[in-house]
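Engineer: Okay, here's the structure, questions in a sec.
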Amino acid sequence: MALGLRPHAPLDPWSYADHLNVTLLEFGKLGLRAQTVRQLTTVDGDSWSAMTLKMDEAFAIVLNPSHAITRQRSDLAHELSHIELRHVPARVEVSETGLLLLSDFSDEQEQEADWHGGALLLPRDGLVRMRSDRNSTAEIATYYGVSTALCEWRLRMTGVDVQMRRANPRR
Ligand SMILES: [Zn+2]
């Protein structure tokens, strides 16, 4: 497997970014136009979570450092998914330093990135394994370093809990 992971082991999205040659950048060092900074930090306030940038042919990602680490993990996995799936955004902003800020992905692309990112962080086989070992949703979320909400979503969307109930109807 990529990165030599044991099956079902939690993926570290920062290592995965490294593996994909994606650089993590700090927001304050981007040289974004004042208007863009204002838009992101005050107008959208807390809502911005991550950005993907293109420098020449290389990609970079900026995470909102004020967010919980569980959220940063899922945001990073989401942004890496846009890159891996070669999504092309509808709009691109150019910073003073010539960075391209990719924005306005379509709803379909956002859903694809959510799905792909969720699968990176919470592999279906791992969910089945942990449910078979009778781990709670919170325990699975802790093991994989994600929020309980994301874990619940993956368990539902992958049909793992339905599958477990069918396999063990008396549980
Ligand atoms: Zn996105």
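A note on labels: chains of the structure tokens are A, B, ... as shown, every chain counts residues from 1, and ligands are counted from 1 in their shown order.
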Compute the set of protein, DNA and RNA residues whose minimum atom distance to ligand 1 is at most 9 Å, using only C-alpha atoms and all ligand atoms, and state it as a list in words.

Structural biologist: Ala50, Met51, Thr52, Asp75, His78, Glu79, Ser81, His82, Ser103, Asp104, Phe105, Ser106, Asp107, Gln109, Glu110, Gln111, Glu112, Ala113 and Asp114 of chain A

Engineer: Would you write out, as JSON lines, a table of all residues in segment 70-118 of chain A that have an atom no more than 8 Å from an atom of segment 144-147 of chain A, listing for each the closest atom pair and the distance in Å to one decimal, considering only C-alpha atoms and ordering rows by chain and rising residue number?

Structural biologist:
```
{"residue": "A:Thr70", "atom": "CA", "partner": "A:Val146", "partner_atom": "CA", "distance": 4.7}
{"residue": "A:Arg71", "atom": "CA", "partner": "A:Val146", "partner_atom": "CA", "distance": 7.1}
{"residue": "A:Arg73", "atom": "CA", "partner": "A:Val146", "partner_atom": "CA", "distance": 7.1}
{"residue": "A:Ser74", "atom": "CA", "partner": "A:Val146", "partner_atom": "CA", "distance": 7.0}
```

Engineer: Pull N, CA, C and O atoms from the residues just selected and write them as a compact mmCIF listing (two decimals), in the first residue's frame.

Structural biologist:
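Below you can see part_16.txt, which holds the result:
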```txt
# COMPACT_ATOMS: atom_id res chain seq x y z
N THR A 70 -9.23 17.76 14.75
CA THR A 70 -10.08 16.80 14.05
C THR A 70 -10.64 17.43 12.78
O THR A 70 -10.69 16.80 11.73
N ARG A 71 -11.01 18.71 12.90
CA ARG A 71 -11.54 19.39 11.72
C ARG A 71 -10.43 19.65 10.71
O ARG A 71 -10.64 19.51 9.49
N ARG A 73 -7.86 17.84 10.18
CA ARG A 73 -7.61 16.55 9.49
C ARG A 73 -8.60 16.32 8.37
O ARG A 73 -8.22 15.94 7.26
N SER A 74 -9.89 16.54 8.66
CA SER A 74 -10.89 16.26 7.62
C SER A 74 -10.83 17.31 6.51
O SER A 74 -11.01 16.99 5.34
```

Engineer: Could you go through segment 67-109 of chain A and tell me which residues DSSP, when run on the backbone, assigns to strand (DSSP E), listing them as a VMD selection string?

Structural biologist: chain A and resid 91 to 94 100 to 103

Engineer: Give me, please, the distance in Å between atom CA of Ala17 of chain A and atom CA of Thr137 of chain A, quoted to one decimal.

Structural biologist: 26.5 Å

Engineer: From a DSSP calculation on the backbone, collect every residue of chain A in alpha helix (DSSP H) and output the set as a count of residues only.

Structural biologist: 78

Engineer: Please determine, counting only C-alpha atoms, which residue among A:Val92, A:Ile61, A:Ala149, A:Ile69 has the shortest atom-to-atom distance to Leu20 of chain A.

Structural biologist: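 Going through A:Val92, A:Ile61, A:Ala149, A:Ile69 one by one, the smallest distance to Leu20 of chain A is for A:Ile61.
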
Engineer: Do you know which residues are at most 10 Å from Tyr143 of chain A counting only C-alpha atoms, after dropping those on the same chain fewer than 2 positions away, and could you put them as a PDB file with C-alpha atoms, in the first residue's frame?

Structural biologist:
```
ATOM      1  CA  ALA A   9      -4.328   2.036  10.334  1.00  0.00           C
ATOM      2  CA  PRO A  10      -5.289   5.711  10.623  1.00  0.00           C
ATOM      3  CA  LEU A 122     -12.207   6.245   7.731  1.00  0.00           C
ATOM      4  CA  MET A 130     -13.813  -1.918  14.603  1.00  0.00           C
ATOM      5  CA  ASN A 135     -16.172  -0.316  19.354  1.00  0.00           C
ATOM      6  CA  THR A 137     -18.741   5.427  17.324  1.00  0.00           C
ATOM      7  CA  ALA A 138     -16.801   7.659  19.734  1.00  0.00           C
ATOM      8  CA  GLU A 139     -14.054   5.042  20.091  1.00  0.00           C
ATOM      9  CA  ILE A 140     -13.757   4.682  16.331  1.00  0.00           C
ATOM     10  CA  ALA A 141     -13.681   8.472  15.925  1.00  0.00           C
ATOM     11  CA  GLY A 145      -8.638  11.177  14.888  1.00  0.00           C
ATOM     12  CA  VAL A 146     -11.882  12.520  13.463  1.00  0.00           C
TER      13      VAL A 146
END
```

Engineer: For the atom pair atom CA of Ala34 of chain A and atom CA of Ser95 of chain A, what is the interatomic distance in Å to one decimal place?

Structural biologist: 9.8 Å

Engineer: So which one's closest to Trp153 of chain A, A:Pro13, A:Gly118, A:Gly28, A:Pro169? Using only C-alpha atoms, please.

Structural biologist: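 Of A:Pro13, A:Gly118, A:Gly28, A:Pro169, the one nearest Trp153 of chain A is A:Gly118, counting only C-alpha atoms.
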
Engineer: Check the smallest atom-to-atom distance from each of A:Leu25, A:Gly98, A:Arg33, A:Asp125 to Thr158 of chain A using only C-alpha atoms, then report the winner.

Structural biologist: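 Closest residue, counting only C-alpha atoms: A:Asp125.
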
Engineer: In Å, how far is it from atom CA of Arg154 of chain A to atom CA of Ala119 of chain A?

Structural biologist: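 Here the two named atoms are 7.8 Å from each other.
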